[in-house]
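Visitor: Just one file: protein30.cif, with mmCIF, C-alpha atoms and all ligand atoms.
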data_input
#
loop_
_atom_site.label_atom_id
_atom_site.label_comp_id
_atom_site.auth_asym_id
_atom_site.auth_seq_id
_atom_site.Cartn_x
_atom_site.Cartn_y
_atom_site.Cartn_z
CA MET A 1 0.00 0.00 0.00
CA PRO A 2 2.09 2.92 -1.29
CA THR A 3 2.15 6.44 0.05
CA VAL A 4 2.40 8.95 -2.78
CA ASP A 5 3.14 12.69 -2.47
CA ILE A 6 1.66 14.55 -5.44
CA HIS A 7 2.38 18.10 -4.17
CA THR A 8 6.14 18.43 -3.72
CA HIS A 9 8.40 20.95 -5.40
CA ILE A 10 11.91 21.34 -6.69
CA TYR A 11 13.97 24.10 -8.28
CA PRO A 12 16.32 22.10 -10.52
CA PRO A 13 19.92 23.38 -10.70
CA THR A 14 19.38 25.22 -14.02
CA PHE A 15 16.48 27.13 -12.49
CA VAL A 16 18.50 28.00 -9.37
CA LYS A 17 21.25 29.33 -11.62
CA LEU A 18 18.70 31.50 -13.40
CA LEU A 19 17.33 32.84 -10.08
CA ARG A 20 20.85 33.59 -8.83
CA SER A 21 21.54 35.62 -11.98
CA ARG A 22 18.59 37.95 -11.30
CA THR A 23 18.12 40.99 -9.06
CA THR A 24 14.36 41.49 -9.35
CA VAL A 25 11.61 39.13 -8.15
CA PRO A 26 12.00 36.20 -8.49
CA TYR A 27 15.61 35.92 -7.42
CA ILE A 28 18.03 34.32 -4.97
CA ARG A 29 20.25 36.68 -3.03
CA THR A 30 23.37 35.84 -1.08
CA SER A 31 24.50 38.72 1.13
CA PRO A 32 28.26 39.41 0.97
CA ASP A 33 28.14 39.55 4.80
CA GLU A 34 26.61 36.07 5.02
CA PRO A 35 28.03 34.08 2.10
CA HIS A 36 26.68 30.79 3.46
CA SER A 37 23.06 31.82 3.76
CA SER A 38 21.00 32.66 0.68
CA ARG A 39 17.43 33.91 0.52
CA LEU A 40 14.74 33.03 -1.99
CA ILE A 41 12.57 36.01 -2.94
CA ILE A 42 9.65 34.90 -5.10
CA LEU A 43 6.31 36.31 -3.96
CA PRO A 44 4.97 39.66 -5.19
CA GLY A 45 5.93 42.32 -2.63
CA GLU A 46 8.60 40.22 -0.94
CA ASP A 47 11.31 42.70 -1.89
CA ASP A 48 9.50 45.64 -0.33
CA PRO A 49 12.21 48.23 0.39
CA SER A 50 10.91 48.54 3.99
CA THR A 51 12.09 44.95 4.64
CA PRO A 52 15.87 44.64 5.17
CA SER A 53 17.34 42.59 2.31
CA THR A 54 18.61 39.97 4.78
CA ALA A 55 15.04 39.36 5.99
CA ARG A 56 13.29 39.20 2.60
CA GLY A 57 11.68 36.02 1.37
CA ARG A 58 12.84 32.81 3.03
CA PRO A 59 16.14 31.00 3.58
CA ILE A 60 16.95 28.63 0.74
CA GLY A 61 19.15 25.59 1.22
CA PRO A 62 19.76 22.37 -0.70
CA GLU A 63 16.32 21.03 0.21
CA TYR A 64 15.08 23.31 -2.60
CA TYR A 65 17.34 21.93 -5.34
CA ASP A 66 19.19 18.77 -4.26
CA ILE A 67 17.23 15.68 -5.25
CA ALA A 68 19.08 13.62 -2.61
CA GLN A 69 17.37 15.78 0.01
CA LYS A 70 13.99 15.08 -1.57
CA ILE A 71 14.63 11.35 -1.33
CA ALA A 72 15.84 11.71 2.28
CA PHE A 73 12.69 13.69 3.13
CA MET A 74 10.58 10.95 1.51
CA ASP A 75 12.37 8.28 3.53
CA THR A 76 11.93 10.18 6.80
CA HIS A 77 8.21 10.63 6.17
CA ARG A 78 7.54 7.12 4.79
CA ILE A 79 6.69 8.40 1.30
CA ASP A 80 7.21 5.76 -1.39
CA LYS A 81 6.73 7.89 -4.50
CA SER A 82 6.67 11.60 -5.26
CA VAL A 83 5.37 13.49 -8.27
CA ILE A 84 7.72 16.49 -8.27
CA SER A 85 6.94 19.85 -9.84
CA LEU A 86 8.84 23.09 -10.41
CA ALA A 87 7.85 25.56 -7.68
CA ASN A 88 6.32 28.97 -8.31
CA PRO A 89 6.62 31.26 -10.18
CA TRP A 90 7.62 28.66 -12.79
CA LEU A 91 8.60 30.38 -16.05
CA ASP A 92 5.87 33.02 -15.93
CA PHE A 93 8.40 35.89 -15.67
CA LEU A 94 10.62 34.98 -18.64
CA PRO A 95 10.73 37.06 -21.82
CA SER A 96 8.75 35.36 -24.57
CA GLU A 97 11.79 34.48 -26.68
CA GLU A 98 13.56 32.70 -23.79
CA ALA A 99 10.67 30.68 -22.42
CA GLY A 100 10.52 27.80 -24.91
CA GLU A 101 14.17 26.86 -24.56
CA ALA A 102 14.06 27.29 -20.74
CA ALA A 103 11.05 24.96 -20.50
CA ARG A 104 12.78 22.29 -22.58
CA ARG A 105 15.92 22.51 -20.45
CA ILE A 106 14.08 22.41 -17.14
CA ASN A 107 11.72 19.63 -18.18
CA ASP A 108 14.68 17.56 -19.39
CA ASP A 109 16.49 18.22 -16.08
CA VAL A 110 13.47 17.08 -14.09
CA GLU A 111 12.96 14.01 -16.30
CA ARG A 112 16.62 13.07 -15.67
CA LEU A 113 16.16 13.42 -11.90
CA CYS A 114 13.19 11.04 -12.08
CA ALA A 115 15.19 8.54 -14.14
CA GLN A 116 17.93 8.58 -11.50
CA HIS A 117 15.36 7.40 -8.96
CA GLU A 118 13.31 4.99 -11.04
CA GLY A 119 10.10 3.95 -9.35
CA ARG A 120 10.30 6.69 -6.74
CA LEU A 121 9.97 9.90 -8.76
CA TYR A 122 7.53 11.14 -11.39
CA ALA A 123 6.89 14.76 -12.39
CA PHE A 124 4.56 17.43 -13.62
CA GLY A 125 6.20 19.39 -16.44
CA THR A 126 6.48 23.16 -16.85
CA LEU A 127 5.03 25.19 -19.72
CA PRO A 128 6.62 28.24 -21.41
CA LEU A 129 3.47 30.31 -20.96
CA SER A 130 5.05 33.62 -21.98
CA ALA A 131 5.95 32.13 -25.39
CA PRO A 132 3.58 31.97 -28.39
CA VAL A 133 0.76 29.44 -27.98
CA GLU A 134 2.27 27.15 -30.64
CA THR A 135 5.48 26.89 -28.57
CA VAL A 136 3.42 25.90 -25.54
CA VAL A 137 1.50 23.25 -27.49
CA THR A 138 4.76 21.87 -28.91
CA GLU A 139 6.15 21.51 -25.37
CA ILE A 140 2.96 19.73 -24.24
CA GLU A 141 3.43 17.27 -27.12
CA ARG A 142 7.09 16.77 -26.21
CA LEU A 143 6.23 16.18 -22.53
CA VAL A 144 3.89 13.35 -23.51
CA GLN A 145 6.95 11.49 -24.82
CA LEU A 146 8.91 11.82 -21.56
CA LYS A 147 8.56 8.65 -19.51
CA HIS A 148 8.10 10.18 -16.06
CA MET A 149 5.86 13.16 -16.87
CA ARG A 150 2.28 12.95 -15.65
CA GLY A 151 0.84 16.35 -16.55
CA VAL A 152 1.82 19.99 -16.13
CA ILE A 153 1.98 22.45 -13.25
CA MET A 154 0.49 25.87 -13.98
CA GLY A 155 -0.15 29.13 -12.17
CA THR A 156 -3.28 31.22 -12.52
CA SER A 157 -2.01 33.86 -14.95
CA GLY A 158 -2.31 31.76 -18.12
CA LEU A 159 -0.99 33.76 -21.05
CA GLY A 160 -1.20 36.93 -18.93
CA LYS A 161 -4.98 37.34 -18.79
CA GLY A 162 -5.96 34.46 -16.50
CA LEU A 163 -7.34 31.00 -17.14
CA ASP A 164 -10.66 32.16 -18.65
CA ASP A 165 -8.79 33.61 -21.65
CA PRO A 166 -10.11 32.02 -24.90
CA ALA A 167 -6.56 32.27 -26.28
CA LEU A 168 -5.76 29.30 -24.01
CA ASP A 169 -8.12 27.01 -25.93
CA PRO A 170 -5.40 25.38 -28.08
CA ILE A 171 -3.48 24.61 -24.86
CA TYR A 172 -6.55 23.17 -23.14
CA ALA A 173 -7.30 21.18 -26.31
CA ALA A 174 -3.78 19.72 -26.39
CA LEU A 175 -3.85 18.83 -22.68
CA GLU A 176 -7.28 17.21 -23.05
CA LYS A 177 -6.27 15.32 -26.21
CA HIS A 178 -3.17 13.86 -24.54
CA ASN A 179 -4.96 13.24 -21.24
CA GLN A 180 -2.48 15.47 -19.39
CA LEU A 181 -3.60 16.73 -15.99
CA ILE A 182 -3.13 20.41 -15.05
CA PHE A 183 -1.80 20.84 -11.51
CA LEU A 184 -3.16 24.32 -10.78
CA HIS A 185 -1.10 26.10 -8.14
CA PRO A 186 -1.31 29.67 -6.80
CA HIS A 187 1.49 32.21 -6.66
CA TYR A 188 0.18 35.75 -7.06
CA GLY A 189 -2.23 35.90 -4.10
CA LEU A 190 -4.49 38.94 -3.81
CA PRO A 191 -3.67 42.64 -4.36
CA ALA A 192 -1.38 43.86 -1.55
CA SER A 193 -3.98 46.48 -0.54
CA VAL A 194 -6.26 43.81 0.97
CA TYR A 195 -3.54 42.84 3.45
CA GLY A 196 -3.49 46.40 4.81
CA PRO A 197 -0.73 48.77 5.90
CA ARG A 198 0.40 46.44 8.70
CA ALA A 199 0.87 43.45 6.36
CA ASN A 200 4.61 43.26 7.05
CA ASP A 201 3.88 42.73 10.76
CA TYR A 202 2.25 39.43 9.94
CA GLY A 203 5.06 37.72 8.03
CA HIS A 204 3.75 35.53 5.20
CA VAL A 205 0.55 34.46 6.96
CA LEU A 206 -2.01 36.50 5.00
CA PRO A 207 -0.67 35.82 1.49
CA LEU A 208 0.00 32.12 2.11
CA ALA A 209 -2.99 31.17 4.28
CA LEU A 210 -5.57 33.30 2.46
CA GLY A 211 -4.13 34.93 -0.66
CA PHE A 212 -3.06 31.60 -2.18
CA PRO A 213 -6.34 29.69 -1.64
CA LEU A 214 -8.50 32.61 -2.76
CA GLU A 215 -6.38 33.07 -5.87
CA THR A 216 -6.98 29.41 -6.75
CA THR A 217 -10.70 29.68 -6.00
CA ILE A 218 -11.11 32.76 -8.21
CA ALA A 219 -9.07 31.23 -11.06
CA VAL A 220 -11.16 28.03 -11.12
CA THR A 221 -14.42 29.94 -10.86
CA ARG A 222 -13.39 32.07 -13.84
CA MET A 223 -12.67 28.88 -15.80
CA LEU A 224 -16.10 27.58 -14.88
CA LEU A 225 -17.91 30.84 -15.74
CA SER A 226 -16.16 31.10 -19.10
CA GLY A 227 -17.32 27.60 -20.01
CA VAL A 228 -13.89 25.93 -20.16
CA TRP A 229 -15.40 22.62 -19.00
CA ASP A 230 -18.35 22.96 -21.40
CA ARG A 231 -15.85 23.18 -24.27
CA PHE A 232 -13.30 20.71 -22.86
CA ARG A 233 -15.41 18.13 -21.09
CA LYS A 234 -12.48 15.82 -20.39
CA LEU A 235 -9.98 18.44 -19.20
CA ASN A 236 -8.72 17.37 -15.78
CA VAL A 237 -7.36 19.78 -13.19
CA LEU A 238 -5.73 18.98 -9.85
CA LEU A 239 -6.27 21.90 -7.48
CA ALA A 240 -3.63 22.78 -4.90
CA HIS A 241 -4.51 23.13 -1.22
CA SER A 242 -7.71 21.08 -1.46
CA GLY A 243 -9.17 23.50 -3.97
CA GLY A 244 -8.41 26.69 -2.06
CA THR A 245 -11.90 27.44 -0.79
CA LEU A 246 -13.81 26.00 -3.75
CA PRO A 247 -15.41 23.04 -1.88
CA PHE A 248 -16.64 25.37 0.86
CA LEU A 249 -17.91 28.05 -1.54
CA ALA A 250 -19.32 25.86 -4.35
CA GLY A 251 -22.92 26.29 -3.14
CA ARG A 252 -22.54 30.06 -3.00
CA ILE A 253 -20.99 30.15 -6.47
CA GLU A 254 -23.94 28.17 -7.91
CA SER A 255 -26.46 30.37 -6.09
CA CYS A 256 -24.83 33.55 -7.40
CA ILE A 257 -24.95 32.14 -10.95
CA LYS A 258 -28.65 31.25 -10.63
CA HIS A 259 -29.47 34.74 -9.36
CA ASP A 260 -27.48 36.72 -11.90
CA GLY A 261 -29.58 38.88 -14.20
CA HIS A 262 -26.76 39.45 -16.69
CA LEU A 263 -26.15 35.73 -17.15
CA LYS A 264 -29.91 35.12 -17.46
CA ARG A 265 -30.32 37.78 -20.16
CA GLU A 266 -27.47 36.20 -22.10
CA GLY A 267 -29.02 32.71 -21.73
CA ARG A 268 -25.95 31.38 -19.94
CA ILE A 269 -27.59 29.87 -16.85
CA GLU A 270 -29.31 26.85 -18.40
CA GLY A 271 -27.45 24.10 -20.24
CA ARG A 272 -24.06 24.69 -18.63
CA ARG A 273 -22.18 22.20 -16.47
CA ASP A 274 -22.49 23.27 -12.85
CA VAL A 275 -19.68 23.45 -10.30
CA TRP A 276 -20.79 20.24 -8.54
CA ASP A 277 -20.61 18.28 -11.79
CA VAL A 278 -17.14 19.68 -12.57
CA LEU A 279 -15.95 18.97 -9.00
CA ARG A 280 -16.93 15.32 -9.38
CA THR A 281 -15.86 14.83 -13.00
CA ASN A 282 -12.91 17.06 -13.90
CA ILE A 283 -11.40 18.24 -10.64
CA TYR A 284 -8.99 16.40 -8.38
CA LEU A 285 -7.94 17.87 -5.04
CA ASP A 286 -4.79 17.47 -3.02
CA ALA A 287 -5.04 16.84 0.73
CA VAL A 288 -2.74 19.73 1.70
CA ILE A 289 -5.13 21.51 4.08
CA TYR A 290 -3.69 20.60 7.53
CA SER A 291 -7.02 19.89 9.23
CA ASP A 292 -9.82 17.36 8.91
CA VAL A 293 -12.35 20.22 8.80
CA GLY A 294 -11.18 21.44 5.39
CA LEU A 295 -10.48 17.90 4.25
CA LYS A 296 -14.10 16.86 4.92
CA ALA A 297 -15.32 19.70 2.67
CA ALA A 298 -13.00 18.43 -0.07
CA ILE A 299 -14.27 14.86 0.40
CA ASP A 300 -17.90 16.02 0.29
CA ALA A 301 -17.33 18.10 -2.83
CA SER A 302 -15.24 15.78 -4.99
CA GLY A 303 -15.36 12.37 -3.31
CA PRO A 304 -12.64 10.40 -1.51
CA ASP A 305 -11.61 8.79 -4.80
CA ARG A 306 -10.46 12.19 -6.19
CA LEU A 307 -8.31 13.31 -3.25
CA MET A 308 -4.50 12.79 -3.09
CA PHE A 309 -1.95 13.20 -0.29
CA GLY A 310 0.68 15.95 -0.59
CA THR A 311 3.29 17.76 1.49
CA ASP A 312 4.28 21.02 -0.28
CA HIS A 313 7.92 20.16 0.53
CA PRO A 314 10.31 22.02 0.74
CA PHE A 315 8.01 24.84 1.85
CA PHE A 316 6.82 24.99 5.47
CA PRO A 317 9.86 23.39 7.14
CA PRO A 318 9.79 23.28 10.95
CA LEU A 319 11.18 26.45 12.50
CA GLU A 320 12.77 24.54 15.37
CA GLU A 321 16.16 22.98 14.76
CA ASP A 322 16.73 19.21 14.94
CA VAL A 323 13.09 18.27 14.29
CA LYS A 324 13.08 15.09 12.24
CA GLU A 325 9.46 14.86 11.11
CA TRP A 326 7.94 18.04 9.72
CA HIS A 327 4.81 19.41 11.49
CA SER A 328 3.34 20.37 8.12
CA VAL A 329 3.50 16.73 7.01
CA THR A 330 2.23 15.16 10.24
CA ALA A 331 -0.68 17.65 10.18
CA ASN A 332 -1.71 16.38 6.75
CA TYR A 333 -1.29 12.73 7.80
CA GLY A 334 -3.31 13.51 10.95
CA ALA A 335 -6.12 15.18 8.99
CA ILE A 336 -6.47 12.10 6.77
CA ALA A 337 -6.44 9.75 9.79
CA GLN A 338 -9.09 11.85 11.52
CA ALA A 339 -11.35 12.36 8.48
CA PHE A 340 -11.26 8.62 7.67
CA LYS A 341 -11.11 7.17 11.19
CA ASP A 342 -13.92 4.73 10.31
CA ASP A 343 -12.73 3.90 6.80
CA GLN A 344 -9.13 2.69 6.57
CA ALA A 345 -9.52 1.68 2.93
CA ALA A 346 -10.52 5.23 1.94
CA ALA A 347 -7.60 6.62 3.98
CA GLN A 348 -5.23 4.38 2.01
CA ASP A 349 -6.81 5.51 -1.25
CA VAL A 350 -6.07 9.15 -0.38
CA LEU A 351 -2.55 8.33 0.85
CA GLY A 352 -1.54 6.57 -2.35
CA ASN A 353 -3.96 4.33 -4.26
CA ASN A 354 -5.79 7.25 -5.89
CA ALA A 355 -2.52 8.77 -7.15
CA MET A 356 -1.36 5.40 -8.49
CA ARG A 357 -4.60 5.05 -10.49
CA ILE A 358 -5.21 8.68 -11.53
CA LEU A 359 -1.59 9.35 -12.54
CA ASN A 360 -0.89 5.87 -13.85
CA LEU A 361 2.15 5.27 -11.59
CA ARG A 362 3.88 1.94 -11.29
N1 LIG B 1 5.06 29.15 -0.65
C1 LIG B 1 5.29 29.20 -1.97
O1 LIG B 1 5.79 30.18 -2.48
N2 LIG B 1 4.98 28.14 -2.71
C2 LIG B 1 4.45 27.03 -2.19
O2 LIG B 1 4.20 26.10 -2.93
C3 LIG B 1 4.21 27.01 -0.81
C4 LIG B 1 4.53 28.08 -0.06
ZN ZN B 2 3.04 24.08 -3.48
#
As structure tokens, how would this structure be written, given the file I've shared?

Guide:
Amino acid sequence: MPTVDIHTHIYPPTFVKLLRSRTTVPYIRTSPDEPHSSRLIILPGEDDPSTPSTARGRPIGPEYYDIAQKIAFMDTHRIDKSVISLANPWLDFLPSEEAGEAARRINDDVERLCAQHEGRLYAFGTLPLSAPVETVVTEIERLVQLKHMRGVIMGTSGLGKGLDDPALDPIYAALEKHNQLIFLHPHYGLPASVYGPRANDYGHVLPLALGFPLETTIAVTRMLLSGVWDRFRKLNVLLAHSGGTLPFLAGRIESCIKHDGHLKREGRIEGRRDVWDVLRTNIYLDAVIYSDVGLKAAIDASGPDRLMFGTDHPFFPPLEEDVKEWHSVTANYGAIAQAFKDDQAAAQDVLGNNAMRILNLR
């Protein structure tokens, strides 16, 4: 009975080199005063001039880029297989003419890492979304040929206008045709103004705990409203963080649609696929929600056969030194144990069997 981690990130060495060469977000900075400690600055606003440069972002060590550390983490936490993905902000920031080549290089790097650990590692590929659509589609078709790839990780910006942009249709068509799952992951959060003038007093809590999940929820709802799943009925999307807040808000979303005069006048209320149908047919959810309360909403919305264990490694490491097992991981194990305390078989499905089946792992 395998345990499979489907939400676990890596910055392969070529990506780290790229980040080290930059001085604007996203970048890695090593202070001349502290040559042995580097910081990873990736989120919008993390290089706010009011934050001293030595306190910006988060410390970055080899757990972010050394695959041996990923395997050691898996061993410590009894994880048999991991489906690794490039962490945010992926290639979203690259100039159009550089993105295609960067995606090929990074996807080949990640494929090689998986091949070095046959049977333990699979991956979601990365798309050059700032490049022309044809370049993106070509990379999707190339990824299909790579033995360890099981879909693609994507942020919410799409080609720059979000995931309800009709210009994405050739990309959705290619992903649907090749049965490639989209792992939809947040990065941009909400506009800084909603966090208020004291935001810096609260560390990363508001953007990570609330900005991320709301970003995901809004992105998926825009896909739904624009009819993506009416046009691409077999397009499958794995939502990070148990769907953000989508399971909790699905009823409200449907109610707002049914009461919207504009949609009614345009004849867009009847005949569409509703959010409940999409949740049970096209959406998969990870179990990275740290509490059985949120997990139960995810189970109710999509079903225990569509939920998959994840860790978000290497993010959320313990702040204490010399802690072997990470709190963030034991919280997710605990939530599954609690939510399925009367159904061990379903717990095992979420821990690994679902991922084996859905992602065709061996
Ligand atoms: N913070 C990030 O920037 N990305 C993650 O995946 C998790 C936390
Ligand atoms: Zn993540």

Visitor: Hey, can you check how far CA of Phe212 in chain A sits from CA of Tyr188 in chain A?

Guide: 7.2 Å

Visitor: Leaving out Ala55 in chain A and any residue of its chain fewer than 5 positions from it, which residues lie within 12 Å of it when counting only C-alpha atoms, given as a PDB file with C-alpha atoms, keeping the file's coordinate frame?

Guide:
ATOM      1  CA  ARG A  29      20.250  36.680  -3.030  1.00  0.00           C
ATOM      2  CA  THR A  30      23.370  35.840  -1.080  1.00  0.00           C
ATOM      3  CA  SER A  31      24.500  38.720   1.130  1.00  0.00           C
ATOM      4  CA  SER A  37      23.060  31.820   3.760  1.00  0.00           C
ATOM      5  CA  SER A  38      21.000  32.660   0.680  1.00  0.00           C
ATOM      6  CA  ARG A  39      17.430  33.910   0.520  1.00  0.00           C
ATOM      7  CA  LEU A  40      14.740  33.030  -1.990  1.00  0.00           C
ATOM      8  CA  ILE A  41      12.570  36.010  -2.940  1.00  0.00           C
ATOM      9  CA  GLU A  46       8.600  40.220  -0.940  1.00  0.00           C
ATOM     10  CA  ASP A  47      11.310  42.700  -1.890  1.00  0.00           C
ATOM     11  CA  ASP A  48       9.500  45.640  -0.330  1.00  0.00           C
ATOM     12  CA  PRO A  49      12.210  48.230   0.390  1.00  0.00           C
ATOM     13  CA  SER A  50      10.910  48.540   3.990  1.00  0.00           C
ATOM     14  CA  ASN A 200       4.610  43.260   7.050  1.00  0.00           C
ATOM     15  CA  GLY A 203       5.060  37.720   8.030  1.00  0.00           C
ATOM     16  CA  HIS A 204       3.750  35.530   5.200  1.00  0.00           C
TER      17      HIS A 204
END

Visitor: Let me make sure I understand: among A:Pro62, A:Gly125, A:Gly45, A:Pro247, which one has the smallest atom-to-atom distance to Ser302 in chain A if we use only C-alpha atoms?

Guide: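 Of the candidates, the smallest distance to Ser302 in chain A is held by A:Pro247.
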
Visitor: Between CA of Ala103 in chain A and CA of Ile10 in chain A, what is the distance, to one decimal in Å?

Guide: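 For CA of Ala103 in chain A relative to CA of Ile10 in chain A, the distance reads 14.3 Å.
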
Visitor: Could you state the separation of CA of Leu184 in chain A and CA of Ser130 in chain A in Å, given to one decimal place?

Guide: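 The value is 16.7 Å.
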
Visitor: Can I get the residues of chain A within 8 Å of ligand ZN 2 (chain B), each with the closest pair of atoms and their distance in Å to one decimal, using all atoms listed in the file, sorted chain first then ascending number, as a Markdown table?

Guide:
| residue | atom | partner | partner_atom | distance |
| --- | --- | --- | --- | --- |
| A:His7 | CA | B:ZN2 | ZN | 6.1 |
| A:Thr8 | CA | B:ZN2 | ZN | 6.4 |
| A:His9 | CA | B:ZN2 | ZN | 6.5 |
| A:Ala87 | CA | B:ZN2 | ZN | 6.6 |
| A:Asn88 | CA | B:ZN2 | ZN | 7.6 |
| A:His185 | CA | B:ZN2 | ZN | 6.6 |
| A:Pro186 | CA | B:ZN2 | ZN | 7.8 |
| A:Ala240 | CA | B:ZN2 | ZN | 6.9 |
| A:His241 | CA | B:ZN2 | ZN | 7.9 |
| A:Asp312 | CA | B:ZN2 | ZN | 4.6 |
| A:His313 | CA | B:ZN2 | ZN | 7.4 |
| A:Phe315 | CA | B:ZN2 | ZN | 7.3 |

Visitor: Just checking: using only C-alpha atoms and all ligand atoms, which residue out of A:Phe248, A:Phe316, A:Phe73, A:Phe15 ends up closest to ligand LIG 1 (chain B)?

Guide: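 Selected residue with least distance to ligand LIG 1 (chain B): A:Phe316.
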
Visitor: If you count all atoms listed in the file, which residues fall within 12 Å of range 277-281 of chain A, apart from same-chain ones fewer than 6 positions away, as a PyMOL selection string?

Guide: chain A and resi 220-221+223-225+227-230+232-239+242-243+246-251+254+297-307

Visitor: Excluding Asp169 in chain A and any residue of its chain fewer than 4 positions from it, enumerate the residues within 10 Å of it, using all atoms listed in the file, and give them as a list in words.

Guide: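 The contact residues come out as Val133, Leu163, Asp164, Asp165, Ala173, Ala174, Leu175, Val228, Arg231 and Phe232 of chain A.
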
Visitor: Check the smallest atom-to-atom distance from each of A:Leu359, A:Ala99, A:Leu94, A:Leu18 to Val152 in chain A using only C-alpha atoms, then report the winner.

Guide: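 Using only C-alpha atoms, the shortest distance to Val152 in chain A belongs to A:Leu359.
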
Visitor: Hey, what's within 8 Å of Tyr27 in chain A if we count only C-alpha atoms and toss same-chain stuff fewer than 4 positions away? As a PyMOL selection string, please?

Guide: chain A and resi 19-23+40-42

Visitor: Give the centre and edge lengths of an axis-aligned box, in Å to one decimal, that holds all listed atoms of ligand LIG 1 (chain B) with 5 Å on each side, as lines of an AutoDock Vina configuration file.

Guide:
center_x = 5.0
center_y = 28.1
center_z = -1.5
size_x = 11.6
size_y = 14.1
size_z = 12.9

Visitor: Identify, on the basis of all atoms listed in the file, every residue whose closest approach to Tyr333 in chain A does not exceed 10 Å; exclude the query and any residue fewer than 5 positions from it along the same chain; express the result as number ranges by chain.

Guide: A: 77, 287-288, 290-292, 309-311, 327-328, 338, 347, 351

Visitor: May I have the protein, DNA and RNA residues with any atom at most 12 Å from the point (-26.0, 32.3, -11.9), counting only C-alpha atoms, written as a ChimeraX atom specification?

Guide: /A:221,224-225,250-275

Visitor: Here is a test: counting all atoms listed in the file, which residue of A:Met1, A:Val136, A:Val205, A:Leu129 is nearest to Ala345 in chain A?

Guide: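 Result for the nearest residue to Ala345 in chain A: A:Met1.
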
Visitor: Which residue, A:Ala335, A:Pro317, A:Ile182, A:Ile67, has the smallest gap to Ile289 in chain A when you use all atoms listed in the file?

Guide: A:Ala335

Visitor: Between A:Cys114, A:Leu208, A:Leu168, A:Ala192, which one has atoms that come closest to ligand LIG 1 (chain B), using all atoms listed in the file?

Guide: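 Of A:Cys114, A:Leu208, A:Leu168, A:Ala192, the one nearest ligand LIG 1 (chain B) is A:Leu208, counting all atoms listed in the file.
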
Visitor: Given the point (7.1, 1.8, -11.9) in the file's coordinates, find the residues that have an atom at most 9 Å from it, counting only C-alpha atoms, and give them as number ranges by chain.

Guide: A: 118-120, 361-362
